[in-house]
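Below: work.txt (compact mmCIF, C-alpha atoms and all ligand atoms)
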# COMPACT_ATOMS: atom_id res chain seq x y z
CA MET A 151 44.87 79.73 -76.60
CA LYS A 152 44.68 82.37 -73.92
CA LYS A 153 41.26 81.11 -72.91
CA ILE A 154 42.53 77.54 -72.60
CA ALA A 155 45.44 78.67 -70.43
CA LEU A 156 43.04 80.60 -68.21
CA ILE A 157 40.73 77.61 -67.87
CA LEU A 158 43.69 75.36 -67.01
CA ALA A 159 44.85 77.87 -64.41
CA MET A 160 41.36 77.96 -62.88
CA ILE A 161 41.20 74.16 -62.74
CA THR A 162 44.59 74.12 -61.00
CA VAL A 163 43.43 76.66 -58.42
CA LEU A 164 40.19 74.76 -57.83
CA SER A 165 41.93 71.40 -57.40
CA LEU A 166 44.43 72.92 -54.95
CA ALA A 167 41.56 74.39 -52.95
CA ALA A 168 39.92 70.97 -52.84
CA LEU A 169 42.98 69.38 -51.16
CA PRO A 170 42.48 68.58 -47.47
CA VAL A 171 44.20 71.03 -45.16
CA ALA A 172 47.37 69.41 -43.93
CA ALA A 173 47.99 69.28 -40.19
CA VAL A 174 50.23 72.10 -39.00
CA GLU A 175 53.65 70.70 -38.38
CA THR A 176 57.06 72.02 -37.63
CA GLY A 177 60.58 70.99 -38.40
CA LYS A 178 62.38 68.35 -40.32
CA ASN A 179 61.97 64.57 -40.24
CA LEU A 180 64.80 63.10 -38.16
CA GLY A 181 63.86 59.53 -39.04
CA GLU A 182 62.02 56.57 -37.56
CA LEU A 183 62.31 55.76 -33.89
CA VAL A 184 62.60 52.00 -33.33
CA GLN A 185 60.55 50.35 -30.63
CA THR A 186 61.39 47.65 -28.11
CA THR A 187 59.64 45.54 -25.51
CA GLU A 188 62.91 44.58 -23.81
CA LYS A 189 62.94 45.32 -20.09
CA ILE A 190 64.77 48.59 -19.47
CA THR A 191 65.90 49.31 -15.93
CA ILE A 192 65.78 53.01 -15.04
CA ASP A 193 68.94 53.26 -12.97
CA GLY A 194 71.33 55.56 -14.84
CA LYS A 195 73.15 52.56 -16.29
CA LYS A 196 73.08 51.85 -20.00
CA ASP A 197 70.95 48.85 -20.96
CA THR A 198 72.31 46.94 -23.98
CA ILE A 199 69.20 47.67 -26.05
CA TYR A 200 69.98 51.41 -26.15
CA ASP A 201 72.72 50.69 -28.70
CA GLN A 202 69.97 49.97 -31.22
CA GLY A 203 68.05 53.15 -30.45
CA MET A 204 68.19 56.54 -32.17
CA LYS A 205 71.40 58.41 -31.34
CA PHE A 206 71.36 62.09 -30.50
CA ASP A 207 73.93 64.67 -29.50
CA CYS A 208 74.10 68.20 -28.10
CA THR A 209 76.69 69.90 -30.28
CA LEU A 210 74.95 73.19 -31.09
CA PRO A 211 76.07 76.06 -28.84
CA TYR A 212 73.10 78.17 -27.75
CA ASP A 213 75.43 81.15 -27.77
CA ALA A 214 78.24 80.80 -30.32
CA ALA A 215 80.46 82.98 -28.15
CA LYS A 216 80.19 80.53 -25.26
CA THR A 217 81.57 77.10 -26.00
CA THR A 218 82.33 74.04 -23.94
CA ASP A 219 84.12 70.72 -24.27
CA THR A 220 81.41 68.94 -22.30
CA THR A 221 79.87 66.29 -24.54
CA ILE A 222 77.01 63.82 -24.52
CA LYS A 223 76.04 60.58 -26.18
CA GLY A 224 72.27 60.16 -26.19
CA TYR A 225 70.04 57.20 -27.09
CA LEU A 226 66.27 57.13 -27.57
CA LEU A 227 63.74 54.28 -27.86
CA TRP A 228 60.00 53.84 -27.44
CA ASP A 229 57.83 50.90 -26.37
CA GLY A 230 55.38 50.97 -29.29
CA LYS A 231 52.59 52.21 -26.99
CA LYS A 232 53.17 55.39 -25.06
CA THR A 233 56.56 55.42 -23.36
CA PHE A 234 59.94 56.82 -24.36
CA TYR A 235 63.26 55.75 -22.89
CA ALA A 236 66.35 57.91 -23.12
CA PHE A 237 69.83 57.31 -21.84
CA VAL A 238 72.44 60.08 -21.88
CA GLU A 239 76.12 59.72 -21.06
CA VAL A 240 77.73 63.05 -20.15
CA LYS A 241 81.43 63.79 -20.09
CA ASP A 242 81.74 66.93 -17.99
CA LYS A 243 85.25 68.22 -17.34
CA THR A 244 83.91 70.97 -15.09
CA PRO A 245 81.63 69.33 -12.52
CA VAL A 246 80.09 71.89 -10.20
CA ALA A 247 78.76 70.61 -6.90
CA TRP A 248 74.98 70.28 -6.56
CA THR A 249 73.39 72.52 -3.92
CA GLU A 250 69.90 72.56 -2.47
CA GLU A 251 69.82 76.34 -2.81
CA GLN A 252 70.52 76.30 -6.55
CA TYR A 253 68.10 73.42 -7.05
CA LYS A 254 65.28 75.41 -5.47
CA LYS A 255 66.16 78.75 -7.04
CA SER A 256 67.34 77.88 -10.55
CA PRO A 257 67.50 74.13 -11.30
CA TRP A 258 68.67 74.78 -14.87
CA SER A 259 71.79 76.39 -13.39
CA ILE A 260 73.09 73.00 -12.27
CA ASP A 261 75.05 70.61 -14.50
CA SER A 262 72.12 68.79 -16.08
CA ILE A 263 70.48 67.28 -19.15
CA GLU A 264 67.10 68.31 -20.52
CA LEU A 265 64.83 66.62 -23.04
CA PHE A 266 62.05 68.49 -24.84
CA PHE A 267 58.98 66.83 -26.30
CA ASP A 268 56.11 68.10 -28.42
CA PHE A 269 54.00 64.94 -28.34
CA ASN A 270 51.84 65.78 -31.37
CA ASN A 271 54.34 68.06 -33.10
CA ASP A 272 51.90 70.91 -33.48
CA GLY A 273 54.43 73.50 -32.32
CA LYS A 274 52.25 74.57 -29.39
CA ASP A 275 53.01 72.73 -26.17
CA ARG A 276 56.50 72.05 -24.97
CA ASP A 277 57.31 69.53 -22.24
CA GLN A 278 60.71 69.98 -20.68
CA TYR A 279 62.25 67.19 -18.57
CA ARG A 280 65.49 67.63 -16.63
CA ILE A 281 67.81 65.44 -14.56
CA ASP A 282 70.69 67.17 -12.79
CA ASN A 283 74.03 65.99 -11.49
CA GLY A 284 72.54 65.46 -8.06
CA GLY A 285 70.20 62.89 -9.64
CA LYS A 286 67.19 65.18 -9.07
CA PRO A 287 64.42 65.39 -11.69
CA THR A 288 62.47 68.53 -12.50
CA TYR A 289 59.82 69.37 -15.08
CA TYR A 290 59.14 72.77 -16.58
CA ASP A 291 56.21 74.20 -18.49
CA SER A 292 55.57 77.74 -17.32
CA SER A 293 57.10 77.08 -13.91
CA THR A 294 59.36 74.42 -12.41
CA LYS A 295 57.69 71.33 -10.95
CA TYR A 296 59.55 69.34 -8.30
CA GLU A 297 56.89 66.88 -7.14
CA GLY A 298 54.21 64.73 -8.74
CA LEU A 299 56.16 64.60 -11.98
CA ASP A 300 54.23 61.56 -13.23
CA LYS A 301 51.33 63.99 -13.86
CA TYR A 302 53.53 65.41 -16.61
CA GLY A 303 54.56 62.06 -18.05
CA PHE A 304 57.85 61.87 -16.12
CA ASP A 305 57.38 58.28 -14.95
CA ALA A 306 60.90 57.51 -13.72
CA TRP A 307 64.48 58.76 -13.79
CA GLY A 308 67.91 57.32 -13.11
CA PHE A 309 71.33 58.74 -12.41
CA GLN A 310 74.87 57.65 -11.74
CA LYS A 311 78.14 59.50 -11.37
CA THR A 312 81.01 58.30 -13.54
CA SER A 313 84.77 58.88 -13.45
CA ASP A 314 84.50 61.67 -16.04
CA GLY A 315 80.95 62.93 -15.69
CA TYR A 316 77.54 61.39 -15.12
CA CYS A 317 74.76 59.42 -16.80
CA VAL A 318 71.03 60.08 -16.73
CA GLU A 319 68.09 57.97 -17.81
CA PHE A 320 64.53 59.12 -18.55
CA LYS A 321 61.23 57.24 -18.75
CA ILE A 322 58.63 59.59 -20.23
CA SER A 323 55.06 58.85 -21.33
CA ASP A 324 52.57 60.71 -23.52
CA TYR A 325 50.40 62.19 -20.72
CA ARG A 326 49.29 65.11 -22.90
CA ASN A 327 48.56 63.74 -26.40
CA GLN A 328 48.23 60.07 -27.19
CA VAL A 329 51.07 58.87 -29.41
CA LYS A 330 50.95 55.97 -31.84
CA ALA A 331 53.06 54.32 -34.53
CA GLY A 332 53.37 56.61 -37.54
CA GLY A 333 52.85 59.68 -35.38
CA HIS A 334 55.27 62.58 -35.27
CA VAL A 335 56.86 63.83 -32.05
CA GLY A 336 58.89 67.02 -31.89
CA ILE A 337 62.12 66.72 -29.90
CA ASP A 338 65.13 68.65 -28.68
CA ALA A 339 67.82 68.07 -26.06
CA GLN A 340 70.00 70.37 -23.98
CA ILE A 341 73.13 70.32 -21.83
CA ASN A 342 73.35 72.83 -19.04
CA ASP A 343 77.07 72.89 -18.38
CA MET A 344 78.09 74.90 -15.34
CA LYS A 345 81.63 76.23 -15.29
CA ASP A 346 81.26 77.61 -11.77
CA ALA A 347 78.28 78.31 -9.52
CA SER A 348 76.97 81.10 -11.75
CA THR A 349 78.38 80.52 -15.28
CA ARG A 350 76.16 78.37 -17.47
CA ILE A 351 77.00 77.18 -21.00
CA VAL A 352 74.07 75.76 -22.98
CA TYR A 353 74.27 73.38 -25.92
CA ASN A 354 71.32 71.95 -27.84
CA TYR A 355 70.64 69.06 -30.12
CA LYS A 356 72.30 69.73 -33.46
CA SER A 357 69.27 69.72 -35.72
CA SER A 358 68.68 71.54 -38.98
CA GLN A 359 66.05 73.76 -37.38
CA SER A 360 68.33 74.82 -34.52
CA SER A 361 65.31 75.07 -32.28
CA LYS A 362 67.28 75.72 -29.07
CA GLY A 363 64.25 74.76 -27.06
CA THR A 364 61.74 76.78 -29.13
CA VAL A 365 58.81 74.48 -29.78
CA THR A 366 57.84 75.99 -33.14
CA LYS A 367 61.26 75.03 -34.48
CA PHE A 368 61.53 71.48 -33.17
CA ASP A 369 62.47 68.80 -35.65
CA TYR A 370 60.51 65.60 -35.28
CA ILE A 371 60.87 61.85 -35.11
CA VAL A 372 58.44 59.39 -36.68
CA LEU A 373 57.28 56.70 -34.27
CA GLY A 374 58.36 53.53 -36.03
CA THR A 375 56.99 50.00 -36.11
CA LYS A 376 60.34 48.25 -36.33
CA VAL A 377 60.97 46.26 -33.14
CA VAL A 378 64.52 45.76 -31.86
CA THR A 379 65.58 43.05 -29.42
CA ASN A 380 68.75 42.20 -27.57
CA PRO A 381 70.99 39.76 -29.49
CA VAL A 382 70.79 36.23 -28.09
CA ALA A 383 73.97 35.67 -26.08
CA THR A 384 76.03 32.59 -26.98
CA THR A 385 77.09 31.16 -23.66
CA LYS A 386 80.47 29.62 -22.99
CA ALA A 387 78.77 26.35 -22.03
CA ALA A 388 76.84 26.12 -25.31
CA ALA A 389 79.96 26.83 -27.35
CA THR A 390 81.99 24.22 -25.47
CA THR A 391 79.26 21.59 -25.93
CA ALA A 392 79.11 22.28 -29.67
CA ALA A 393 82.89 21.98 -29.98
CA LYS A 394 82.96 18.68 -28.01
CA ALA A 395 80.17 17.15 -30.09
CA ALA A 396 81.98 18.04 -33.31
CA THR A 397 85.27 16.59 -32.04
CA THR A 398 83.57 13.32 -31.04
CA ALA A 399 81.93 13.06 -34.46
CA ALA A 400 85.30 13.66 -36.11
CA ALA A 401 87.01 10.96 -34.03
CA LYS A 402 84.35 8.42 -34.97
CA THR A 403 84.50 8.98 -38.70
CA ALA A 404 88.16 10.01 -39.06
CA ASP A 405 86.86 12.08 -41.93
CA VAL A 406 89.28 14.93 -42.64
CA SER A 407 86.55 17.39 -43.55
CA VAL A 408 84.77 16.72 -40.26
CA ILE A 409 88.03 17.17 -38.35
CA VAL A 410 88.57 20.49 -40.11
CA ALA A 411 85.01 21.49 -39.23
CA ALA A 412 85.59 20.47 -35.60
CA VAL A 413 88.72 22.60 -35.40
CA ALA A 414 86.79 25.50 -36.91
CA VAL A 415 83.97 25.09 -34.40
CA ALA A 416 86.45 24.86 -31.53
CA ALA A 417 88.20 27.99 -32.78
CA LEU A 418 84.86 29.76 -33.09
CA ALA A 419 84.01 28.72 -29.54
CA GLY A 420 87.31 30.23 -28.43
CA VAL A 421 86.47 33.46 -30.24
CA VAL A 422 83.04 33.59 -28.63
CA VAL A 423 84.54 33.04 -25.19
CA CYS A 424 87.14 35.77 -25.81
CA LYS A 425 84.44 38.19 -26.93
CA LYS A 426 82.34 37.45 -23.86
CA LYS A 427 85.26 38.33 -21.62
CA HIS A 428 85.72 41.80 -23.08
CA CA B 1 69.25 51.55 -17.33
CA CA B 2 80.04 71.44 -15.78
Now that the file is in, can you turn its structure into structure tokens?
Ligand SMILES: [Ca+2]
Ligand SMILES: [Ca+2]
Amino acid sequence: MKKIALILAMITVLSLAALPVAAVETGKNLGELVQTTEKITIDGKKDTIYDQGMKFDCTLPYDAAKTTDTTIKGYLLWDGKKTFYAFVEVKDKTPVAWTEEQYKKSPWSIDSIELFFDFNNDGKDRDQYRIDNGGKPTYYDSSTKYEGLDKYGFDAWGFQKTSDGYCVEFKISDYRNQVKAGGHVGIDAQINDMKDASTRIVYNYKSSQSSKGTVTKFDYIVLGTKVVTNPVATTKAAATTAAKAATTAAAKTADVSVIVAAVAVAALAGVVVCKKKH
């Protein structure tokens, strides 16, 4: 019996050794990222399609002793080829004025949002994209880049101030490693929330790995094949036409069921019109 157990153990070891070496990966699967071919305008305003994208937050304090009530709502999509779109709405109760001096010296010490990508999720290279509350983009690898950002995949950026904060929008492409459906991309996000010109509070994406910008701890998204599109808008004119046609049909037949249907259609049209006005 002992011999049989030993042989079985040896077979197990041999079959494990024969398995292909899995690619080195970090983090936890955050789910599939949906794709879209809808036109997205990079202007700091939220395109409707973002509602169907992956949502992300920044609710993990980098330093538990330093907390903030600044919050974000983030949305992420990709185009099925090579480009990622992100829109982030920031509610910042402590806006600190943008200055050229700070921008040149320490652009992370300005109210701003950062996105981190590891395009092939190998835990080696980290791409860090930032848009600040002056609407200025910067990129960081081992030093801050202010110009020629498209060389680092930062294709376009958008910004707008709002009554209670600001919004930023990123268009980022896979300049470093080619991405494709089914591929894994490591991600993180960060708020730099200034309380005054020199006090910075940092929050990161609340992920299980708590990477806080450390590439080896990024969680990852799976680039999905599901395509999302904007819902087809029902126009007021179309609804009115449908209601009229139904009413005419009802008048001709004097059929009670058709009249009921016509009333229902008219009511529906009213609902549609009300919804459109919101
Ligand atoms: Ca937009
Ligand atoms: Ca602030």
### Message
Between A:Trp228, A:Ala339, A:Trp248, A:Asp261, which residue has the minimum interatomic distance to Glu182 of chain A, considering all atoms listed in the file?
### Response
A:Trp228
#### Entry: Environment of ligand CA 1 (chain B) within 12 Å, counting only C-alpha atoms and all ligand atoms, reported as a ChimeraX atom specification
/A:188-201,225,235-239,306-310,317-321
## Note on the structure
re atom CA of Gly203 of chain A and atom CA of Leu183 of chain A: distance 7.2 Å
#### Entry: Coordinates-based distance that separates atom CA of Gly285 of chain A from atom CA of Asp314 of chain A (Å, one decimal)
15.7 Å
### Task
Can you work out the spacing between atom CA of Val184 of chain A and atom CA of Gly230 of chain A in Å, to one decimal?
8.3 Å
### Task
Find the residue from A:Thr218, A:Thr294, A:Gln340, A:Gln359 that sits nearest to Ser256 of chain A; use all atoms listed in the file when measuring.
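Ranking A:Thr218, A:Thr294, A:Gln340, A:Gln359 by distance to Ser256 of chain A, first place goes to A:Thr294.
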Name each residue within 7 Å of ligand CA 2 (chain B), counting only C-alpha atoms and all ligand atoms, as a compact mmCIF listing (two decimals) with C-alpha atoms, in the coordinates of the input.
# COMPACT_ATOMS: atom_id res chain seq x y z
CA ASP A 242 81.74 66.93 -17.99
CA LYS A 243 85.25 68.22 -17.34
CA THR A 244 83.91 70.97 -15.09
CA PRO A 245 81.63 69.33 -12.52
CA VAL A 246 80.09 71.89 -10.20
CA ASP A 261 75.05 70.61 -14.50
CA ASP A 343 77.07 72.89 -18.38
CA MET A 344 78.09 74.90 -15.34
CA LYS A 345 81.63 76.23 -15.29
### Task
Could you give me, as a PyMOL selection string, the residues within 10 Å of Leu373 of chain A, counting all atoms listed in the file and dropping anything in the same chain fewer than 6 positions from it?
chain A and resi 181-185+227-231+329-335
### All residues 9 Å or closer to Phe267 of chain A, only C-alpha atoms, same chain fewer than 3 positions away omitted, as a PyMOL selection string
chain A and resi 270-271+275-279+335-339+365+368
Let me see the file: selected residues, C-alpha atoms, as a PDB file, in the frame of the given file.
ATOM      1  CA  ASN A 270      51.840  65.780 -31.370  1.00  0.00           C
ATOM      2  CA  ASN A 271      54.340  68.060 -33.100  1.00  0.00           C
ATOM      3  CA  ASP A 275      53.010  72.730 -26.170  1.00  0.00           C
ATOM      4  CA  ARG A 276      56.500  72.050 -24.970  1.00  0.00           C
ATOM      5  CA  ASP A 277      57.310  69.530 -22.240  1.00  0.00           C
ATOM      6  CA  GLN A 278      60.710  69.980 -20.680  1.00  0.00           C
ATOM      7  CA  TYR A 279      62.250  67.190 -18.570  1.00  0.00           C
ATOM      8  CA  VAL A 335      56.860  63.830 -32.050  1.00  0.00           C
ATOM      9  CA  GLY A 336      58.890  67.020 -31.890  1.00  0.00           C
ATOM     10  CA  ILE A 337      62.120  66.720 -29.900  1.00  0.00           C
ATOM     11  CA  ASP A 338      65.130  68.650 -28.680  1.00  0.00           C
ATOM     12  CA  ALA A 339      67.820  68.070 -26.060  1.00  0.00           C
ATOM     13  CA  VAL A 365      58.810  74.480 -29.780  1.00  0.00           C
ATOM     14  CA  PHE A 368      61.530  71.480 -33.170  1.00  0.00           C
TER      15      PHE A 368
END
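With all atoms listed in the file as the atoms that count, the residue of A:Thr288, A:Asn354, A:Thr176, A:Thr364 with the shortest distance to Ile222 of chain A is A:Asn354.
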Can you tell me, as a short mmCIF file (atom, residue, chain, number, x, y, z; two decimals) with C-alpha atoms, in the frame of the given file, what residues are no more than 8 Å from Phe206 of chain A when counting all atoms listed in the file, ignoring any on the same chain fewer than 3 positions away?
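result_39.cif, written as the output of this step:
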data_model
loop_
_atom_site.label_atom_id
_atom_site.label_comp_id
_atom_site.auth_asym_id
_atom_site.auth_seq_id
_atom_site.Cartn_x
_atom_site.Cartn_y
_atom_site.Cartn_z
CA LYS A 223 76.04 60.58 -26.18
CA GLY A 224 72.27 60.16 -26.19
CA TYR A 225 70.04 57.20 -27.09
CA LEU A 226 66.27 57.13 -27.57
CA TYR A 355 70.64 69.06 -30.12
#
Report, as JSON, the centre and edge lengths in Å (one decimal) of the axis-aligned box enclosing every listed atom of segment 266-284 of chain A, padded by 3 Å on each side.
{"center_x": 62.9, "center_y": 69.8, "center_z": -20.8, "size_x": 28.2, "size_y": 15.6, "size_z": 31.4}
